[in-house]
>>> print(open('data.json').read())   # JSON, C-alpha atoms
[["chain", "number", "residue", "atom", "x", "y", "z"],
["A", 1, "MET", "CA", 33.87, 81.67, 42.63],
["A", 2, "GLU", "CA", 35.66, 84.32, 40.56],
["A", 3, "ILE", "CA", 39.27, 84.25, 39.38],
["A", 4, "ARG", "CA", 39.69, 87.80, 40.68],
["A", 5, "VAL", "CA", 38.65, 86.76, 44.19],
["A", 6, "LEU", "CA", 41.08, 83.82, 44.13],
["A", 7, "ARG", "CA", 43.88, 86.23, 43.23],
["A", 8, "TYR", "CA", 42.87, 88.34, 46.24],
["A", 9, "PHE", "CA", 42.91, 85.26, 48.45],
["A", 10, "LEU", "CA", 46.39, 84.21, 47.31],
["A", 11, "GLU", "CA", 47.81, 87.69, 47.83],
["A", 12, "ILE", "CA", 46.54, 87.69, 51.43],
["A", 13, "ALA", "CA", 47.98, 84.21, 51.96],
["A", 14, "ARG", "CA", 51.38, 85.37, 50.68],
["A", 15, "GLU", "CA", 51.44, 88.63, 52.65],
["A", 16, "GLY", "CA", 49.93, 87.28, 55.87],
["A", 17, "ASN", "CA", 48.41, 90.72, 56.38],
["A", 18, "MET", "CA", 45.14, 92.12, 55.03],
["A", 19, "THR", "CA", 46.32, 95.74, 54.88],
["A", 20, "ARG", "CA", 49.53, 95.00, 52.97],
["A", 21, "ALA", "CA", 47.64, 92.74, 50.57],
["A", 22, "ALA", "CA", 45.09, 95.48, 49.93],
["A", 23, "LYS", "CA", 47.86, 97.94, 49.06],
["A", 24, "ARG", "CA", 49.47, 95.50, 46.62],
["A", 25, "LEU", "CA", 46.10, 94.80, 45.02],
["A", 26, "HIS", "CA", 45.14, 98.49, 44.87],
["A", 27, "VAL", "CA", 41.84, 97.97, 46.69],
["A", 28, "THR", "CA", 40.66, 99.18, 50.06],
["A", 29, "GLN", "CA", 41.11, 97.00, 53.12],
["A", 30, "PRO", "CA", 37.35, 96.92, 53.90],
["A", 31, "THR", "CA", 36.62, 95.81, 50.31],
["A", 32, "LEU", "CA", 39.19, 93.04, 50.58],
["A", 33, "SER", "CA", 37.84, 91.87, 53.95],
["A", 34, "LYS", "CA", 34.31, 91.82, 52.55],
["A", 35, "GLN", "CA", 35.40, 89.73, 49.55],
["A", 36, "MET", "CA", 37.07, 87.18, 51.83],
["A", 37, "LYS", "CA", 34.03, 86.91, 54.12],
["A", 38, "GLU", "CA", 31.85, 86.31, 51.06],
["A", 39, "LEU", "CA", 34.31, 83.64, 49.84],
["A", 40, "GLU", "CA", 34.15, 81.88, 53.21],
["A", 41, "GLN", "CA", 30.36, 82.00, 53.09],
["A", 42, "GLU", "CA", 30.35, 80.62, 49.56],
["A", 43, "LEU", "CA", 32.57, 77.69, 50.54],
["A", 44, "GLY", "CA", 31.00, 77.19, 53.95],
["A", 45, "LYS", "CA", 34.43, 77.02, 55.59],
["A", 46, "LYS", "CA", 36.62, 79.36, 57.61],
["A", 47, "LEU", "CA", 39.74, 80.12, 55.58],
["A", 48, "PHE", "CA", 41.66, 82.49, 57.87],
["A", 49, "ARG", "CA", 42.74, 82.74, 61.48],
["A", 50, "ARG", "CA", 42.59, 86.48, 62.12],
["A", 51, "GLY", "CA", 45.00, 88.03, 64.60],
["A", 52, "SER", "CA", 45.41, 91.64, 65.68],
["A", 53, "THR", "CA", 48.06, 92.39, 63.04],
["A", 54, "SER", "CA", 48.21, 89.32, 60.83],
["A", 55, "VAL", "CA", 46.19, 86.49, 59.30],
["A", 56, "SER", "CA", 47.11, 82.84, 58.75],
["A", 57, "LEU", "CA", 45.43, 80.05, 56.85],
["A", 58, "THR", "CA", 43.31, 77.34, 58.39],
["A", 59, "ASP", "CA", 43.62, 73.76, 57.11],
["A", 60, "GLU", "CA", 40.78, 74.54, 54.72],
["A", 61, "GLY", "CA", 42.60, 77.70, 53.66],
["A", 62, "MET", "CA", 45.76, 75.70, 52.91],
["A", 63, "LEU", "CA", 43.74, 73.35, 50.70],
["A", 64, "LEU", "CA", 42.20, 76.28, 48.83],
["A", 65, "ARG", "CA", 45.64, 77.85, 48.38],
["A", 66, "LYS", "CA", 46.94, 74.76, 46.58],
["A", 67, "ARG", "CA", 43.85, 74.52, 44.38],
["A", 68, "ALA", "CA", 43.83, 78.27, 43.68],
["A", 69, "GLU", "CA", 47.49, 78.23, 42.59],
["A", 70, "ASP", "CA", 46.72, 75.48, 40.08],
["A", 71, "LEU", "CA", 43.57, 77.22, 38.82],
["A", 72, "LEU", "CA", 45.30, 80.57, 38.35],
["A", 73, "ALA", "CA", 48.27, 78.95, 36.61],
["A", 74, "MET", "CA", 45.81, 77.38, 34.19],
["A", 75, "ALA", "CA", 43.90, 80.66, 33.76],
["A", 76, "ASP", "CA", 47.13, 82.54, 33.00],
["A", 77, "LYS", "CA", 48.19, 79.87, 30.52],
["A", 78, "ILE", "CA", 44.83, 80.04, 28.71],
["A", 79, "GLU", "CA", 45.04, 83.83, 28.54],
["A", 80, "ASN", "CA", 48.57, 83.70, 27.14],
["A", 81, "GLU", "CA", 47.58, 81.05, 24.60],
["A", 82, "PHE", "CA", 44.79, 83.19, 23.20],
["A", 83, "LYS", "CA", 47.02, 86.26, 23.09],
["A", 84, "ALA", "CA", 49.57, 84.21, 21.13],
["A", 85, "LEU", "CA", 47.03, 83.15, 18.51],
["A", 86, "ASP", "CA", 47.19, 86.56, 16.87],
["A", 87, "GLU", "CA", 50.95, 87.05, 16.95],
["A", 88, "ILE", "CA", 53.79, 84.75, 16.11],
["A", 89, "THR", "CA", 56.52, 87.20, 17.12],
["A", 90, "GLY", "CA", 56.20, 86.24, 20.79],
["A", 91, "GLY", "CA", 54.33, 84.18, 23.33],
["A", 92, "ASP", "CA", 54.79, 81.79, 26.24],
["A", 93, "ILE", "CA", 55.81, 78.13, 26.11],
["A", 94, "TYR", "CA", 55.48, 75.83, 29.13],
["A", 95, "ILE", "CA", 57.82, 72.83, 29.32],
["A", 96, "GLY", "CA", 58.53, 70.21, 31.97],
["A", 97, "CYS", "CA", 61.96, 68.55, 32.00],
["A", 98, "ALA", "CA", 63.38, 65.55, 33.75],
["A", 99, "GLU", "CA", 67.10, 65.81, 34.48],
["A", 100, "SER", "CA", 69.24, 64.68, 31.56],
["A", 101, "HIS", "CA", 72.13, 65.95, 29.47],
["A", 102, "LEU", "CA", 69.88, 65.19, 26.49],
["A", 103, "ILE", "CA", 67.90, 68.39, 27.07],
["A", 104, "LYS", "CA", 70.67, 69.86, 24.91],
["A", 105, "TYR", "CA", 68.28, 69.09, 22.04],
["A", 106, "LEU", "CA", 65.70, 71.38, 23.64],
["A", 107, "ALA", "CA", 68.36, 74.07, 24.07],
["A", 108, "ARG", "CA", 69.32, 73.79, 20.40],
["A", 109, "ALA", "CA", 65.67, 74.02, 19.33],
["A", 110, "VAL", "CA", 65.20, 77.11, 21.50],
["A", 111, "SER", "CA", 68.30, 78.67, 19.97],
["A", 112, "ARG", "CA", 66.98, 78.05, 16.44],
["A", 113, "LEU", "CA", 63.53, 79.41, 17.32],
["A", 114, "ASN", "CA", 65.03, 82.56, 18.84],
["A", 115, "GLU", "CA", 66.78, 83.27, 15.55],
["A", 116, "LYS", "CA", 63.38, 83.48, 13.86],
["A", 117, "TYR", "CA", 61.10, 85.01, 16.51],
["A", 118, "ALA", "CA", 61.73, 87.52, 19.26],
["A", 119, "GLY", "CA", 59.78, 87.93, 22.44],
["A", 120, "ILE", "CA", 59.20, 84.26, 23.29],
["A", 121, "HIS", "CA", 59.24, 83.41, 26.99],
["A", 122, "TYR", "CA", 60.03, 79.87, 28.13],
["A", 123, "HIS", "CA", 58.64, 78.58, 31.42],
["A", 124, "ILE", "CA", 60.67, 75.46, 32.21],
["A", 125, "THR", "CA", 60.08, 73.39, 35.33],
["A", 126, "SER", "CA", 62.23, 70.48, 36.49],
["A", 127, "GLY", "CA", 61.22, 67.28, 38.20],
["A", 128, "ASP", "CA", 61.08, 63.55, 37.79],
["A", 129, "THR", "CA", 58.93, 61.93, 35.11],
["A", 130, "SER", "CA", 55.86, 61.49, 37.33],
["A", 131, "GLN", "CA", 55.91, 65.14, 38.37],
["A", 132, "VAL", "CA", 56.22, 66.66, 34.91],
["A", 133, "ALA", "CA", 53.72, 64.17, 33.45],
["A", 134, "GLU", "CA", 51.21, 65.14, 36.14],
["A", 135, "SER", "CA", 51.59, 68.82, 35.24],
["A", 136, "LEU", "CA", 51.16, 67.92, 31.57],
["A", 137, "ASP", "CA", 47.99, 65.97, 32.36],
["A", 138, "ARG", "CA", 46.58, 68.95, 34.25],
["A", 139, "GLY", "CA", 47.14, 71.19, 31.24],
["A", 140, "LEU", "CA", 49.86, 73.30, 32.85],
["A", 141, "LEU", "CA", 52.49, 72.35, 30.25],
["A", 142, "ASP", "CA", 52.60, 72.29, 26.46],
["A", 143, "PHE", "CA", 54.88, 69.26, 26.42],
["A", 144, "ALA", "CA", 57.40, 67.46, 28.62],
["A", 145, "LEU", "CA", 60.74, 65.69, 28.34],
["A", 146, "ILE", "CA", 60.75, 62.46, 30.35],
["A", 147, "VAL", "CA", 63.20, 59.64, 30.98],
["A", 148, "GLU", "CA", 61.02, 56.56, 30.80],
["A", 149, "PRO", "CA", 58.89, 55.05, 28.01],
["A", 150, "PRO", "CA", 55.70, 57.10, 27.52],
["A", 151, "ASP", "CA", 52.17, 55.87, 28.06],
["A", 152, "LEU", "CA", 51.04, 55.53, 24.45],
["A", 153, "SER", "CA", 47.38, 55.52, 25.46],
["A", 154, "LYS", "CA", 47.73, 59.13, 26.67],
["A", 155, "TYR", "CA", 50.59, 60.74, 24.77],
["A", 156, "ASN", "CA", 52.16, 61.31, 21.41],
["A", 157, "TYR", "CA", 55.94, 61.22, 21.62],
["A", 158, "LEU", "CA", 59.25, 61.96, 19.97],
["A", 159, "GLU", "CA", 62.29, 59.83, 20.81],
["A", 160, "VAL", "CA", 65.42, 61.84, 21.57],
["A", 161, "PRO", "CA", 68.72, 60.52, 20.11],
["A", 162, "GLY", "CA", 71.23, 58.97, 22.47],
["A", 163, "HIS", "CA", 70.76, 57.82, 26.03],
["A", 164, "ASP", "CA", 71.76, 58.57, 29.60],
["A", 165, "THR", "CA", 74.29, 56.32, 31.32],
["A", 166, "TRP", "CA", 73.84, 55.42, 34.97],
["A", 167, "GLY", "CA", 76.62, 55.51, 37.51],
["A", 168, "VAL", "CA", 77.66, 56.47, 41.02],
["A", 169, "LEU", "CA", 78.64, 60.01, 42.03],
["A", 170, "MET", "CA", 80.87, 60.20, 45.11],
["A", 171, "ARG", "CA", 83.68, 62.06, 46.81],
["A", 172, "LYS", "CA", 87.11, 61.39, 45.38],
["A", 173, "ASP", "CA", 88.29, 60.12, 48.76],
["A", 174, "CYS", "CA", 85.53, 57.49, 48.87],
["A", 175, "PRO", "CA", 86.97, 53.92, 48.63],
["A", 176, "LEU", "CA", 84.65, 53.26, 45.68],
["A", 177, "ALA", "CA", 86.53, 55.91, 43.68],
["A", 178, "ASP", "CA", 89.43, 53.47, 43.28],
["A", 179, "LYS", "CA", 87.23, 51.17, 41.18],
["A", 180, "ALA", "CA", 86.89, 51.49, 37.42],
["A", 181, "ALA", "CA", 83.19, 50.53, 37.62],
["A", 182, "ILE", "CA", 80.74, 49.81, 40.44],
["A", 183, "GLU", "CA", 78.97, 46.51, 40.97],
["A", 184, "VAL", "CA", 75.88, 46.00, 43.11],
["A", 185, "SER", "CA", 77.88, 44.32, 45.86],
["A", 186, "ASP", "CA", 80.23, 47.33, 46.02],
["A", 187, "ILE", "CA", 77.48, 49.78, 46.84],
["A", 188, "LEU", "CA", 75.60, 47.76, 49.47],
["A", 189, "PRO", "CA", 77.54, 49.18, 52.48],
["A", 190, "TYR", "CA", 76.90, 52.80, 51.45],
["A", 191, "PRO", "CA", 73.93, 55.13, 52.00],
["A", 192, "ILE", "CA", 72.45, 55.93, 48.59],
["A", 193, "PHE", "CA", 70.79, 59.08, 47.28],
["A", 194, "CYS", "CA", 68.68, 58.88, 44.13],
["A", 195, "SER", "CA", 65.42, 60.10, 42.67],
["A", 196, "GLU", "CA", 62.18, 58.54, 43.84],
["A", 197, "GLN", "CA", 61.56, 57.41, 40.27],
["A", 198, "SER", "CA", 64.92, 55.63, 40.04],
["A", 199, "ALA", "CA", 64.34, 53.96, 43.41],
["A", 200, "LYS", "CA", 61.11, 52.47, 42.09],
["A", 201, "VAL", "CA", 61.97, 51.84, 38.44],
["A", 202, "ASP", "CA", 65.68, 51.90, 37.67],
["A", 203, "LEU", "CA", 67.32, 50.36, 40.74],
["A", 204, "PRO", "CA", 65.32, 47.13, 40.33],
["A", 205, "ARG", "CA", 66.45, 47.00, 36.68],
["A", 206, "TRP", "CA", 70.06, 47.07, 37.84],
["A", 207, "CYS", "CA", 69.95, 45.13, 41.10],
["A", 208, "GLY", "CA", 67.17, 42.65, 40.55],
["A", 209, "GLU", "CA", 66.37, 40.81, 43.78],
["A", 210, "GLN", "CA", 69.19, 42.61, 45.61],
["A", 211, "VAL", "CA", 67.31, 45.90, 45.48],
["A", 212, "ASP", "CA", 65.91, 45.29, 48.98],
["A", 213, "GLN", "CA", 69.46, 45.16, 50.34],
["A", 214, "LEU", "CA", 70.26, 48.70, 49.21],
["A", 215, "ASN", "CA", 70.33, 51.48, 51.79],
["A", 216, "VAL", "CA", 68.42, 54.31, 50.10],
["A", 217, "MET", "CA", 68.86, 57.03, 52.71],
["A", 218, "ALA", "CA", 67.03, 59.79, 50.84],
["A", 219, "THR", "CA", 65.38, 60.57, 47.52],
["A", 220, "PHE", "CA", 65.93, 63.83, 45.64],
["A", 221, "ASN", "CA", 64.18, 65.34, 42.64],
["A", 222, "LEU", "CA", 67.36, 67.07, 41.48],
["A", 223, "SER", "CA", 70.82, 65.52, 41.36],
["A", 224, "GLY", "CA", 72.43, 68.84, 42.20],
["A", 225, "ASN", "CA", 70.93, 68.75, 45.69],
["A", 226, "ALA", "CA", 71.90, 65.11, 46.16],
["A", 227, "ALA", "CA", 75.45, 65.99, 45.13],
["A", 228, "VAL", "CA", 75.67, 68.43, 48.05],
["A", 229, "PHE", "CA", 74.93, 65.55, 50.44],
["A", 230, "ALA", "CA", 77.56, 63.42, 48.73],
["A", 231, "ARG", "CA", 80.07, 66.26, 48.96],
["A", 232, "GLU", "CA", 79.45, 66.37, 52.70],
["A", 233, "GLY", "CA", 80.34, 62.69, 52.93],
["A", 234, "LEU", "CA", 76.84, 61.43, 53.77],
["A", 235, "GLY", "CA", 76.70, 58.82, 51.03],
["A", 236, "VAL", "CA", 76.82, 58.29, 47.27],
["A", 237, "VAL", "CA", 74.45, 59.32, 44.48],
["A", 238, "LEU", "CA", 73.04, 56.99, 41.86],
["A", 239, "THR", "CA", 72.44, 59.25, 38.89],
["A", 240, "PHE", "CA", 73.09, 59.94, 35.22],
["A", 241, "ASP", "CA", 76.50, 60.79, 33.82],
["A", 242, "LYS", "CA", 77.14, 64.41, 32.70],
["A", 243, "LEU", "CA", 74.73, 66.03, 35.17],
["A", 244, "ILE", "CA", 77.27, 67.06, 37.82],
["A", 245, "GLU", "CA", 80.69, 68.61, 37.22],
["A", 246, "VAL", "CA", 83.46, 66.07, 37.93],
["A", 247, "SER", "CA", 86.50, 67.85, 36.51],
["A", 248, "GLU", "CA", 89.96, 67.66, 38.08],
["A", 249, "GLU", "CA", 89.08, 70.68, 40.20],
["A", 250, "SER", "CA", 85.94, 69.03, 41.60],
["A", 251, "ASP", "CA", 85.98, 67.02, 44.83],
["A", 252, "LEU", "CA", 83.50, 64.58, 43.26],
["A", 253, "CYS", "CA", 83.96, 61.79, 40.73],
["A", 254, "PHE", "CA", 81.67, 59.54, 38.69],
["A", 255, "ARG", "CA", 81.98, 55.81, 38.02],
["A", 256, "GLN", "CA", 79.71, 53.81, 35.73],
["A", 257, "ILE", "CA", 77.83, 50.82, 37.13],
["A", 258, "ILE", "CA", 78.06, 47.24, 35.87],
["A", 259, "PRO", "CA", 76.12, 45.66, 34.42],
["A", 260, "SER", "CA", 75.65, 48.90, 32.51],
["A", 261, "LEU", "CA", 72.30, 50.66, 32.68],
["A", 262, "HIS", "CA", 70.99, 53.18, 30.14],
["A", 263, "THR", "CA", 67.85, 55.30, 29.91],
["A", 264, "LYS", "CA", 66.22, 56.92, 26.89],
["A", 265, "MET", "CA", 64.58, 60.35, 26.81],
["A", 266, "TYR", "CA", 61.27, 61.20, 25.12],
["A", 267, "VAL", "CA", 59.39, 64.38, 24.33],
["A", 268, "ILE", "CA", 55.69, 63.81, 25.08],
["A", 269, "TRP", "CA", 52.49, 65.77, 24.58],
["A", 270, "LYS", "CA", 48.86, 64.90, 25.16],
["A", 271, "LYS", "CA", 46.91, 63.25, 22.37],
["A", 272, "TYR", "CA", 44.75, 65.75, 20.50],
["A", 273, "GLN", "CA", 46.80, 68.57, 22.02],
["A", 274, "VAL", "CA", 46.07, 71.98, 20.52],
["A", 275, "PHE", "CA", 49.29, 74.01, 20.57],
["A", 276, "THR", "CA", 49.77, 77.74, 20.42],
["A", 277, "PRO", "CA", 51.64, 78.79, 17.26],
["A", 278, "VAL", "CA", 54.92, 79.32, 19.13],
["A", 279, "ALA", "CA", 54.69, 75.99, 21.00],
["A", 280, "GLU", "CA", 53.98, 74.22, 17.72],
["A", 281, "ARG", "CA", 57.04, 75.79, 16.13],
["A", 282, "LEU", "CA", 59.27, 74.84, 19.04],
["A", 283, "LEU", "CA", 58.09, 71.24, 18.78],
["A", 284, "SER", "CA", 58.83, 71.35, 15.05],
["A", 285, "GLU", "CA", 62.36, 72.60, 15.76],
["A", 286, "LEU", "CA", 62.81, 69.82, 18.32],
["A", 287, "LYS", "CA", 61.79, 67.24, 15.73],
["A", 288, "ASN", "CA", 64.27, 68.70, 13.25],
["A", 289, "GLN", "CA", 67.11, 68.64, 15.78],
["A", 290, "CYS", "CA", 66.42, 65.02, 16.71],
["A", 291, "LEU", "CA", 66.02, 63.94, 13.09],
["A", 292, "GLN", "CA", 69.40, 65.41, 12.14],
["A", 293, "ASP", "CA", 71.18, 63.23, 14.71],
["A", 294, "PHE", "CA", 69.18, 60.10, 13.87],
["A", 295, "LEU", "CA", 70.20, 60.52, 10.25]]
>>> encode(input="data.json", output="structure tokens")
Amino acid sequence: MEIRVLRYFLEIAREGNMTRAAKRLHVTQPTLSKQMKELEQELGKKLFRRGSTSVSLTDEGMLLRKRAEDLLAMADKIENEFKALDEITGGDIYIGCAESHLIKYLARAVSRLNEKYAGIHYHITSGDTSQVAESLDRGLLDFALIVEPPDLSKYNYLEVPGHDTWGVLMRKDCPLADKAAIEVSDILPYPIFCSEQSAKVDLPRWCGEQVDQLNVMATFNLSGNAAVFAREGLGVVLTFDKLIEVSEESDLCFRQIIPSLHTKMYVIWKKYQVFTPVAERLLSELKNQCLQDFL
């Protein structure tokens, strides 16, 4: 199975039309059709449902699409890494970030690196710790910023100064907004939005045995999306402070929880990781930024 053929396959899947895909790929439609028939024969599965003017993916085709996207992302990353070995003026860096105001240290490191080198492109993806760690394990990222203690059997790490403070985000007309801080008993009557990670890890740290009494209506990977639900009056968000705007002009407010709950952030990378020159320099800048605040 060739990388080129997988690129052809993905283009057809995106376009839903063999002729349009052929034009975008600058190949003839018969050549493209022949390549796809050979791919189906190689895999022993039918990948497309062919209509008169369009094509759609079979269940097997959907599986191949997911695998092909991962493989091509890895292939592109490898190609960019080898290109970067010969030049330090530019390159690509792949980073996964959990939500936290502490990524300001990453922003500062990027700013410092940009003063020294032009032409660096940063590919930053957001998600909870399990999502970005999975991408790191698959080799799609150079390093990740996570908000739970790292697995020391798999990763090297750098502790980021400071911590995130947990609290409740809600509309200003919510009865809970009248409280200076939120206890577990206060939040029990309300639908809760939080990340899947916090539902499994952080809520039990705060609530203990009462965690089963909480009404977690929905889980979100990004607090910004959960805040939209809160703004519409559907419930309250359990999240970090400083992620969502709660100025006087905002219709939302934030109250800390008691007992207080804090979370640290860590930069992690795989043990025995071989970095490109630009990724190594960004990590060095990150270490310098963190060290300055620790001192």
>>> closest_residue(input="data.json", among="A:Asn114, A:Ser56, A:Asn156, A:Gln197", to="Leu282 in chain A", atoms="only C-alpha atoms")
A:Asn114
>>> residues_around(input="data.json", residues="range 236-244 of chain A", least_positions_apart="3", cutoff="6 Å", atoms="only C-alpha atoms", output="tab-separated table (two decimals) with C-alpha atoms, in the coordinates of the input")
chain	number	residue	atom	x	y	z
A	164	ASP	CA	71.76	58.57	29.60
A	165	THR	CA	74.29	56.32	31.32
A	166	TRP	CA	73.84	55.42	34.97
A	167	GLY	CA	76.62	55.51	37.51
A	168	VAL	CA	77.66	56.47	41.02
A	169	LEU	CA	78.64	60.01	42.03
A	170	MET	CA	80.87	60.20	45.11
A	192	ILE	CA	72.45	55.93	48.59
A	193	PHE	CA	70.79	59.08	47.28
A	194	CYS	CA	68.68	58.88	44.13
A	230	ALA	CA	77.56	63.42	48.73
>>> closest_residue(input="data.json", among="A:Tyr105, A:Tyr266, A:Phe48, A:Tyr117", to="Leu145 in chain A", atoms="only C-alpha atoms")
A:Tyr266
>>> closest_residue(input="data.json", among="A:Thr125, A:Val267, A:Glu183, A:Ala22", to="Asp151 in chain A", atoms="all atoms listed in the file")
A:Val267
>>> closest_residue(input="data.json", among="A:Ser54, A:Ser198, A:Ser33, A:Thr129", to="Ile268 in chain A", atoms="only C-alpha atoms")
A:Thr129
>>> closest_residue(input="data.json", among="A:Phe229, A:Tyr122, A:Tyr155, A:Trp206", to="Pro191 in chain A", atoms="all atoms listed in the file")
A:Phe229
>>> residues_around(input="data.json", residues="Asp70 in chain A", least_positions_apart="3", cutoff="12 Å", atoms="all atoms listed in the file", output="list in words")
Ile3, Leu6, Arg7, Leu10, Leu63, Leu64, Arg65, Lys66, Arg67, Ala73, Met74, Ala75, Asp76, Lys77, Glu134, Ser135, Arg138, Gly139, Leu140 and Leu141 of chain A
>>> residues_near_point(input="data.json", point="(64.2, 82.5, 14.9)", cutoff="12 Å", atoms="only C-alpha atoms", output="MDAnalysis selection string")
chainID A and resid 88:90 108:120 278 281:282 285
>>> residues_around(input="data.json", residues="range 96-99 of chain A", least_positions_apart="4", cutoff="8 Å", atoms="all atoms listed in the file", output="list in words")
Ile103, Ile124, Thr125, Ser126, Gly127, Asp128, Thr129, Val132, Ala133, Ser135, Leu136, Leu141, Phe143, Ala144, Leu145, Ile146, Val147, Leu222, Ser223 and Leu243 of chain A
>>> atom_distance(input="data.json", atom1="CA of Gly235 in chain A", atom2="CA of His101 in chain A")
23.2 Å
>>> residues_around(input="data.json", residues="Cys253 in chain A", least_positions_apart="3", cutoff="8 Å", atoms="all atoms listed in the file", output="PyMOL selection string")
chain A and resi 169-172+177+246-247+250
>>> closest_residue(input="data.json", among="A:Met265, A:Leu234, A:Leu286, A:Ala13", to="Glu148 in chain A", atoms="all atoms listed in the file")
A:Met265
>>> atom_distance(input="data.json", atom1="CA of Glu40 in chain A", atom2="CA of Arg24 in chain A")
21.5 Å
